[in-house]
Each structure stands twice: as structure tokens, then as C-alpha cells.
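> Contents of query-v1.txt (compact mmCIF, N, CA and C atoms) are below:
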# COMPACT_ATOMS: atom_id res chain seq x y z
N MET A 1 -5.54 35.41 9.15
CA MET A 1 -5.26 34.28 8.26
C MET A 1 -4.94 33.06 9.11
N ARG A 2 -5.44 31.94 8.71
CA ARG A 2 -5.20 30.70 9.43
C ARG A 2 -3.71 30.34 9.41
N LEU A 3 -3.06 30.49 8.25
CA LEU A 3 -1.64 30.17 8.14
C LEU A 3 -0.83 31.01 9.13
N THR A 4 -1.14 32.30 9.24
CA THR A 4 -0.42 33.17 10.16
C THR A 4 -0.58 32.69 11.59
N LYS A 5 -1.78 32.23 11.96
CA LYS A 5 -2.00 31.74 13.31
C LYS A 5 -1.18 30.49 13.57
N ILE A 6 -1.14 29.60 12.60
CA ILE A 6 -0.35 28.37 12.74
C ILE A 6 1.13 28.70 12.84
N VAL A 7 1.60 29.57 11.95
CA VAL A 7 3.00 29.95 11.96
C VAL A 7 3.35 30.65 13.26
N SER A 8 2.47 31.50 13.77
CA SER A 8 2.73 32.23 15.00
C SER A 8 2.94 31.31 16.18
N LYS A 9 2.29 30.18 16.19
CA LYS A 9 2.45 29.23 17.28
C LYS A 9 3.86 28.65 17.32
N PHE A 10 4.48 28.52 16.14
CA PHE A 10 5.75 27.82 16.05
C PHE A 10 6.94 28.72 15.79
N CYS A 11 6.71 29.96 15.41
CA CYS A 11 7.80 30.87 15.06
C CYS A 11 7.76 32.09 15.95
N LEU A 12 8.81 32.85 15.91
CA LEU A 12 8.81 34.12 16.60
C LEU A 12 7.74 35.00 15.99
N PRO A 13 6.94 35.67 16.79
CA PRO A 13 5.87 36.52 16.24
C PRO A 13 6.37 37.53 15.22
N ALA A 14 7.54 38.10 15.42
CA ALA A 14 8.06 39.08 14.46
C ALA A 14 8.32 38.45 13.10
N VAL A 15 8.83 37.22 13.11
CA VAL A 15 9.10 36.52 11.86
C VAL A 15 7.78 36.23 11.15
N ALA A 16 6.79 35.76 11.88
CA ALA A 16 5.48 35.46 11.30
C ALA A 16 4.82 36.73 10.77
N ALA A 17 4.89 37.82 11.54
CA ALA A 17 4.26 39.07 11.12
C ALA A 17 4.90 39.60 9.85
N ALA A 18 6.19 39.38 9.69
CA ALA A 18 6.89 39.84 8.49
C ALA A 18 6.62 38.93 7.30
N GLY A 19 6.02 37.76 7.56
CA GLY A 19 5.73 36.83 6.48
C GLY A 19 6.93 36.03 6.03
N LEU A 20 7.94 35.98 6.87
CA LEU A 20 9.16 35.26 6.52
C LEU A 20 9.11 33.88 7.13
N LEU A 21 9.02 32.86 6.30
CA LEU A 21 8.94 31.50 6.80
C LEU A 21 10.30 30.81 6.81
N SER A 22 11.23 31.24 5.97
CA SER A 22 12.53 30.57 5.96
C SER A 22 13.25 30.89 7.25
N GLY A 23 13.92 29.91 7.80
CA GLY A 23 14.61 30.07 9.06
C GLY A 23 13.69 29.93 10.25
N CYS A 24 12.43 29.69 10.00
CA CYS A 24 11.42 29.61 11.05
C CYS A 24 11.61 28.36 11.89
N GLY A 25 11.83 27.23 11.25
CA GLY A 25 11.97 25.97 11.96
C GLY A 25 13.39 25.72 12.39
N ALA A 26 13.56 24.71 13.20
CA ALA A 26 14.89 24.33 13.66
C ALA A 26 15.68 23.71 12.51
N SER A 27 16.99 23.83 12.60
CA SER A 27 17.87 23.22 11.60
C SER A 27 18.37 21.88 12.14
N HIS A 28 18.51 20.91 11.25
CA HIS A 28 18.95 19.57 11.65
C HIS A 28 20.11 19.12 10.77
N ASP A 29 21.10 18.47 11.39
CA ASP A 29 22.18 17.85 10.63
C ASP A 29 21.70 16.50 10.14
N VAL A 30 21.87 16.26 8.85
CA VAL A 30 21.46 15.01 8.22
C VAL A 30 22.70 14.30 7.70
N ASP A 31 22.86 13.04 8.06
CA ASP A 31 23.95 12.22 7.55
C ASP A 31 23.39 11.20 6.58
N TYR A 32 23.88 11.24 5.35
CA TYR A 32 23.55 10.24 4.34
C TYR A 32 24.72 9.27 4.27
N TYR A 33 24.42 7.98 4.11
CA TYR A 33 25.47 6.97 4.02
C TYR A 33 25.07 5.93 2.99
N ALA A 34 26.00 5.55 2.12
CA ALA A 34 25.72 4.54 1.09
C ALA A 34 26.91 3.62 0.92
N VAL A 35 26.63 2.33 0.70
CA VAL A 35 27.67 1.35 0.38
C VAL A 35 27.19 0.50 -0.78
N GLY A 36 28.16 -0.07 -1.47
CA GLY A 36 27.87 -1.00 -2.57
C GLY A 36 28.65 -2.27 -2.36
N ALA A 37 28.19 -3.35 -2.99
CA ALA A 37 28.84 -4.65 -2.83
C ALA A 37 30.24 -4.60 -3.41
N GLY A 38 31.01 -5.54 -3.02
CA GLY A 38 32.39 -5.63 -3.45
C GLY A 38 33.24 -5.78 -2.21
N GLU A 39 34.51 -5.93 -2.41
CA GLU A 39 35.41 -6.13 -1.30
C GLU A 39 35.39 -4.94 -0.36
N GLY A 40 34.97 -5.17 0.86
CA GLY A 40 34.91 -4.11 1.85
C GLY A 40 33.85 -3.06 1.57
N GLY A 41 32.82 -3.41 0.79
CA GLY A 41 31.77 -2.45 0.47
C GLY A 41 32.21 -1.39 -0.51
N LYS A 42 33.32 -1.66 -1.22
CA LYS A 42 33.84 -0.68 -2.16
C LYS A 42 33.23 -0.91 -3.54
N GLY A 43 33.22 0.10 -4.32
CA GLY A 43 32.67 0.05 -5.66
C GLY A 43 32.32 1.46 -6.08
N ALA A 44 31.50 1.59 -7.12
CA ALA A 44 31.10 2.90 -7.61
C ALA A 44 29.62 2.89 -7.92
N GLY A 45 29.07 4.09 -7.99
CA GLY A 45 27.65 4.20 -8.30
C GLY A 45 27.21 5.63 -8.35
N THR A 46 25.90 5.82 -8.33
CA THR A 46 25.33 7.16 -8.27
C THR A 46 24.45 7.25 -7.03
N VAL A 47 24.45 8.43 -6.43
CA VAL A 47 23.57 8.72 -5.31
C VAL A 47 22.75 9.95 -5.67
N THR A 48 21.49 9.93 -5.28
CA THR A 48 20.61 11.07 -5.45
C THR A 48 20.05 11.40 -4.08
N TYR A 49 20.21 12.65 -3.64
CA TYR A 49 19.82 13.02 -2.28
C TYR A 49 19.33 14.46 -2.27
N VAL A 50 18.72 14.86 -1.15
CA VAL A 50 18.27 16.23 -0.96
C VAL A 50 19.36 16.98 -0.21
N ASP A 51 19.82 18.11 -0.79
CA ASP A 51 20.92 18.86 -0.17
C ASP A 51 20.40 19.86 0.86
N GLY A 52 21.28 20.68 1.40
CA GLY A 52 20.93 21.63 2.45
C GLY A 52 19.95 22.70 2.04
N SER A 53 19.81 22.96 0.73
CA SER A 53 18.84 23.95 0.27
C SER A 53 17.52 23.32 -0.14
N GLY A 54 17.41 21.98 0.04
CA GLY A 54 16.16 21.29 -0.32
C GLY A 54 16.11 20.84 -1.77
N GLU A 55 17.20 21.03 -2.50
CA GLU A 55 17.27 20.63 -3.91
C GLU A 55 17.74 19.19 -4.03
N THR A 56 17.30 18.50 -5.08
CA THR A 56 17.73 17.14 -5.37
C THR A 56 19.04 17.19 -6.15
N VAL A 57 20.03 16.43 -5.68
CA VAL A 57 21.36 16.41 -6.29
C VAL A 57 21.70 14.96 -6.64
N THR A 58 22.30 14.76 -7.81
CA THR A 58 22.79 13.43 -8.21
C THR A 58 24.30 13.52 -8.41
N GLU A 59 25.03 12.57 -7.79
CA GLU A 59 26.49 12.55 -7.90
C GLU A 59 26.97 11.16 -8.25
N SER A 60 28.06 11.09 -9.00
CA SER A 60 28.78 9.83 -9.20
C SER A 60 29.77 9.72 -8.05
N VAL A 61 29.78 8.56 -7.37
CA VAL A 61 30.59 8.43 -6.16
C VAL A 61 31.30 7.07 -6.14
N THR A 62 32.24 6.96 -5.21
CA THR A 62 32.81 5.66 -4.88
C THR A 62 32.30 5.30 -3.49
N PHE A 63 32.10 4.01 -3.27
CA PHE A 63 31.59 3.53 -1.98
C PHE A 63 32.74 3.12 -1.08
N PRO A 64 32.64 3.21 0.21
CA PRO A 64 31.50 3.78 0.93
C PRO A 64 31.48 5.30 0.76
N TRP A 65 30.26 5.88 0.82
CA TRP A 65 30.05 7.32 0.62
C TRP A 65 29.28 7.87 1.80
N ARG A 66 29.65 9.07 2.22
CA ARG A 66 28.96 9.75 3.33
C ARG A 66 28.88 11.24 3.01
N LYS A 67 27.75 11.83 3.36
CA LYS A 67 27.55 13.27 3.15
C LYS A 67 26.73 13.81 4.32
N THR A 68 27.14 14.95 4.85
CA THR A 68 26.39 15.61 5.92
C THR A 68 25.91 16.95 5.41
N VAL A 69 24.63 17.22 5.59
CA VAL A 69 24.04 18.50 5.20
C VAL A 69 23.19 19.01 6.38
N SER A 70 22.90 20.29 6.38
CA SER A 70 22.03 20.87 7.39
C SER A 70 20.76 21.33 6.69
N VAL A 71 19.60 20.88 7.19
CA VAL A 71 18.31 21.23 6.57
C VAL A 71 17.35 21.76 7.63
N ASP A 72 16.36 22.51 7.16
CA ASP A 72 15.31 23.00 8.05
C ASP A 72 14.38 21.86 8.45
N GLU A 73 13.68 22.06 9.54
CA GLU A 73 12.71 21.07 10.01
C GLU A 73 11.59 20.91 8.98
N GLY A 74 11.14 19.67 8.82
CA GLY A 74 10.01 19.38 7.94
C GLY A 74 10.38 19.08 6.49
N VAL A 75 11.67 19.06 6.17
CA VAL A 75 12.10 18.78 4.79
C VAL A 75 12.04 17.28 4.54
N LYS A 76 11.42 16.88 3.40
CA LYS A 76 11.39 15.47 3.02
C LYS A 76 12.76 15.09 2.49
N LEU A 77 13.36 14.08 3.10
CA LEU A 77 14.71 13.64 2.75
C LEU A 77 14.65 12.31 2.02
N THR A 78 15.39 12.20 0.93
CA THR A 78 15.48 10.93 0.22
C THR A 78 16.93 10.67 -0.15
N LEU A 79 17.27 9.40 -0.22
CA LEU A 79 18.58 8.97 -0.70
C LEU A 79 18.37 7.74 -1.56
N LYS A 80 18.73 7.84 -2.84
CA LYS A 80 18.67 6.70 -3.75
C LYS A 80 20.10 6.33 -4.11
N VAL A 81 20.39 5.04 -4.07
CA VAL A 81 21.73 4.54 -4.35
C VAL A 81 21.64 3.49 -5.45
N MET A 82 22.43 3.68 -6.51
CA MET A 82 22.47 2.71 -7.60
C MET A 82 23.92 2.38 -7.93
N PRO A 83 24.25 1.08 -8.04
CA PRO A 83 25.62 0.72 -8.41
C PRO A 83 25.84 0.90 -9.91
N VAL A 84 27.07 1.24 -10.26
CA VAL A 84 27.46 1.34 -11.67
C VAL A 84 28.79 0.64 -11.82
N PRO A 85 28.87 -0.47 -12.54
CA PRO A 85 27.75 -1.17 -13.20
C PRO A 85 26.90 -1.90 -12.17
N ASN A 86 25.73 -2.40 -12.60
CA ASN A 86 24.84 -3.05 -11.62
C ASN A 86 25.01 -4.57 -11.61
N THR A 87 25.94 -5.09 -12.39
CA THR A 87 26.24 -6.53 -12.35
C THR A 87 27.76 -6.71 -12.33
N ALA A 88 28.18 -7.90 -11.90
CA ALA A 88 29.61 -8.24 -11.88
C ALA A 88 29.76 -9.70 -12.27
N LYS A 89 30.88 -10.01 -12.90
CA LYS A 89 31.20 -11.39 -13.27
C LYS A 89 32.03 -12.02 -12.16
N VAL A 90 31.57 -13.18 -11.70
CA VAL A 90 32.32 -13.97 -10.72
C VAL A 90 32.47 -15.35 -11.36
N GLY A 91 33.65 -15.59 -11.93
CA GLY A 91 33.85 -16.83 -12.68
C GLY A 91 32.89 -16.83 -13.87
N GLN A 92 32.06 -17.85 -13.96
CA GLN A 92 31.08 -17.96 -15.05
C GLN A 92 29.75 -17.29 -14.71
N LEU A 93 29.60 -16.86 -13.46
CA LEU A 93 28.33 -16.28 -13.02
C LEU A 93 28.31 -14.77 -13.16
N THR A 94 27.13 -14.25 -13.48
CA THR A 94 26.89 -12.82 -13.46
C THR A 94 25.97 -12.55 -12.27
N ILE A 95 26.44 -11.72 -11.35
CA ILE A 95 25.64 -11.45 -10.15
C ILE A 95 25.21 -9.98 -10.12
N GLN A 96 24.09 -9.72 -9.46
CA GLN A 96 23.61 -8.35 -9.26
C GLN A 96 24.39 -7.72 -8.11
N ILE A 97 24.86 -6.50 -8.32
CA ILE A 97 25.54 -5.76 -7.26
C ILE A 97 24.48 -5.27 -6.27
N LYS A 98 24.75 -5.43 -4.99
CA LYS A 98 23.82 -4.98 -3.96
C LYS A 98 24.30 -3.68 -3.35
N VAL A 99 23.34 -2.81 -3.00
CA VAL A 99 23.65 -1.53 -2.39
C VAL A 99 22.78 -1.32 -1.15
N SER A 100 23.27 -0.46 -0.26
CA SER A 100 22.55 -0.14 0.98
C SER A 100 22.59 1.37 1.20
N CYS A 101 21.59 1.87 1.94
CA CYS A 101 21.55 3.29 2.26
C CYS A 101 21.11 3.50 3.70
N GLN A 102 21.42 4.68 4.21
CA GLN A 102 21.00 5.04 5.56
C GLN A 102 20.89 6.56 5.66
N ILE A 103 19.84 7.03 6.35
CA ILE A 103 19.68 8.45 6.65
C ILE A 103 19.58 8.59 8.17
N SER A 104 20.43 9.47 8.73
CA SER A 104 20.36 9.79 10.16
C SER A 104 20.07 11.28 10.28
N VAL A 105 19.21 11.64 11.23
CA VAL A 105 18.90 13.04 11.51
C VAL A 105 19.25 13.30 12.97
N GLY A 106 20.14 14.27 13.20
CA GLY A 106 20.56 14.57 14.56
C GLY A 106 21.21 13.39 15.25
N GLY A 107 21.88 12.53 14.48
CA GLY A 107 22.58 11.37 15.04
C GLY A 107 21.71 10.14 15.23
N GLU A 108 20.41 10.24 14.94
CA GLU A 108 19.50 9.11 15.09
C GLU A 108 19.13 8.53 13.72
N VAL A 109 19.33 7.22 13.55
CA VAL A 109 18.99 6.57 12.28
C VAL A 109 17.48 6.63 12.09
N LYS A 110 17.07 7.22 10.96
CA LYS A 110 15.64 7.35 10.66
C LYS A 110 15.17 6.33 9.63
N ASP A 111 16.05 5.92 8.72
CA ASP A 111 15.70 4.90 7.74
C ASP A 111 16.98 4.23 7.25
N ALA A 112 16.91 2.93 7.03
CA ALA A 112 18.06 2.18 6.52
C ALA A 112 17.53 1.01 5.69
N VAL A 113 18.15 0.81 4.55
CA VAL A 113 17.82 -0.30 3.66
C VAL A 113 19.12 -1.00 3.32
N GLN A 114 19.16 -2.33 3.51
CA GLN A 114 20.40 -3.06 3.29
C GLN A 114 20.26 -4.12 2.21
N GLY A 115 21.29 -4.23 1.39
CA GLY A 115 21.44 -5.33 0.46
C GLY A 115 20.43 -5.44 -0.66
N HIS A 116 19.98 -4.31 -1.20
CA HIS A 116 19.05 -4.37 -2.32
C HIS A 116 19.80 -4.44 -3.64
N GLU A 117 19.28 -5.22 -4.56
CA GLU A 117 19.88 -5.30 -5.89
C GLU A 117 19.43 -4.12 -6.73
N ARG A 118 20.32 -3.61 -7.52
CA ARG A 118 20.09 -2.53 -8.47
C ARG A 118 19.87 -1.17 -7.86
N MET A 119 19.07 -1.04 -6.77
CA MET A 119 18.83 0.27 -6.17
C MET A 119 18.34 0.12 -4.73
N ALA A 120 18.80 1.01 -3.86
CA ALA A 120 18.29 1.11 -2.49
C ALA A 120 17.77 2.53 -2.33
N GLU A 121 16.64 2.66 -1.64
CA GLU A 121 16.06 3.98 -1.43
C GLU A 121 15.63 4.15 0.01
N CYS A 122 16.10 5.23 0.63
CA CYS A 122 15.72 5.56 2.01
C CYS A 122 15.01 6.91 1.97
N ASP A 123 14.07 7.09 2.90
CA ASP A 123 13.43 8.41 3.01
C ASP A 123 12.90 8.64 4.42
N THR A 124 12.80 9.91 4.76
CA THR A 124 12.27 10.33 6.06
C THR A 124 11.99 11.83 5.96
N VAL A 125 11.53 12.40 7.05
CA VAL A 125 11.30 13.85 7.14
C VAL A 125 12.16 14.36 8.30
N SER A 126 12.85 15.49 8.07
CA SER A 126 13.68 16.05 9.14
C SER A 126 12.79 16.61 10.24
N GLN A 127 13.02 16.13 11.46
CA GLN A 127 12.28 16.64 12.63
C GLN A 127 12.97 16.23 13.90
In C-alpha cells, how does this file's structure come out?

Amino acid sequence: MRLTKIVSKFCLPAVAAAGLLSGCGASHDVDYYAVGAGEGGKGAGTVTYVDGSGETVTESVTFPWRKTVSVDEGVKLTLKVMPVPNTAKVGQLTIQIKVSCQISVGGEVKDAVQGHERMAECDTVSQ
């Protein structure tokens, strides 16, 4: 099988022969970071990210927010940040709350988006 040949190149032959692909690749520590506008980057919002099992999780959080997970190599990572509420009153003005996100893999910043109104989205692949 072509897949077995490809897997055999990158995994231990015993793992490939057994047909077990989980645990085959290297594991990477992923740091997610999110901030929202306001004094000192404080505020509240929702974050949606990929957790250590590869599942998408949505949480209500206060900013600044940080989460570290460990994922297998090749996992598509995303972080979406939305402020709640998404506007604020400053005197007579209504302004859009700005949010930022960052994903680091193994201590190296892979994607960062700063100062987006309503939503910031970062993505990368663990490798």
C-alpha cells in the first residue's frame, strides 16, 4: 500500500505495520494568546481554538487570555477571538472593540493578527 510506504518513512516500522497512526508524529506545544481592547488589553470575549485532541473548543474568557496545549505534528491550528460586547461607548461615540490573536508552536510565533474589529483569526499547522 502506498500509504504504508509513506508512513513507514516517517514512523517506526512496527507502528506502521500495526496500522497505528496516532502517536506517529512528533508532539508540539502550542501557545494561544488573545487580547481585547480596553484598559491594559482587558475585557471579555469568546475564543475558539483547537485543543490537544484536535477538537474545536469555544470558551468565554477575560482578556488577556493564554492557553497551552500539546498537539501532534500536522494538526491544523486555528484561534478565533471575538469581543463581547463588540462595541463600547466613549462619551457620545460608539467604537468597535479591537481584538488580537497569536499562535506559537514550540516557542516560535507562527501567526499573529493585531487590532482587528469584531474578530481576529490566526491559523497555522503544527510542525
> Show me, as number ranges by chain, the residues that have an atom within 12 Å of Ala88 of chain A when counting only C-alpha atoms, minus same-chain residues fewer than 2 positions from it.
A: 36-38, 43, 83-86, 90-98, 117-118
> Find the residues near Val81 of chain A: any atom within 7 Å, counting all atoms listed in the file, skip ones fewer than 6 places away on the same chain, and give them as a count of residues only.
13
> Kindly give the distance, in Å, that separates atom CA of Glu73 of chain A and atom C of Val125 of chain A, rounded to a single decimal.
6.9 Å
> In Å, rounded to a single decimal, give me how far atom CA of Pro64 of chain A is from atom CA of Lys89 of chain A.
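Atom CA of Pro64 of chain A lies at a distance of 20.8 Å from atom CA of Lys89 of chain A.
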> Can you list, as a list in words, every protein, DNA or RNA residue that comes within 6.5 Å of Val69 of chain A when you count only N, CA and C atoms, leaving out same-chain residues fewer than 3 positions away?
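Within the cut-off, the hits are His28, Asp29, Val30, Asp31, Tyr32, Asp51 and Gly52 of chain A.
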> Which distance in Å separates atom CA of Gly74 of chain A and atom CA of Thr62 of chain A, to one decimal?
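Computing it gives 29.5 Å between the two atoms.
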> In terms of the shortest atom-to-atom distance over all atoms listed in the file, which of A:Leu77, A:Arg66, A:Ser126, A:Gly54 is closest to Val105 of chain A?
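With all atoms listed in the file as the atom set, the closest residue is A:Ser126.
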> Which one is closest to Tyr49 of chain A: A:Thr87, A:Val71, A:Ser27, A:Lys80? Count only C-alpha atoms.
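The shortest atom-to-atom distance to Tyr49 of chain A comes from A:Lys80.
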> Given only C-alpha atoms as the basis, pick out the residue of A:Asp111, A:Gly106, A:Ser70, A:Ser60 nearest to Tyr33 of chain A.
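Of the candidates, the smallest distance to Tyr33 of chain A is held by A:Asp111.
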> Could you check the closest approach to Lys110 of chain A for each of A:Thr124, A:Val61, A:Met82, A:Val50 and tell me which residue wins, using only N, CA and C atoms?
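Of A:Thr124, A:Val61, A:Met82, A:Val50, the one nearest Lys110 of chain A is A:Thr124, counting only N, CA and C atoms.
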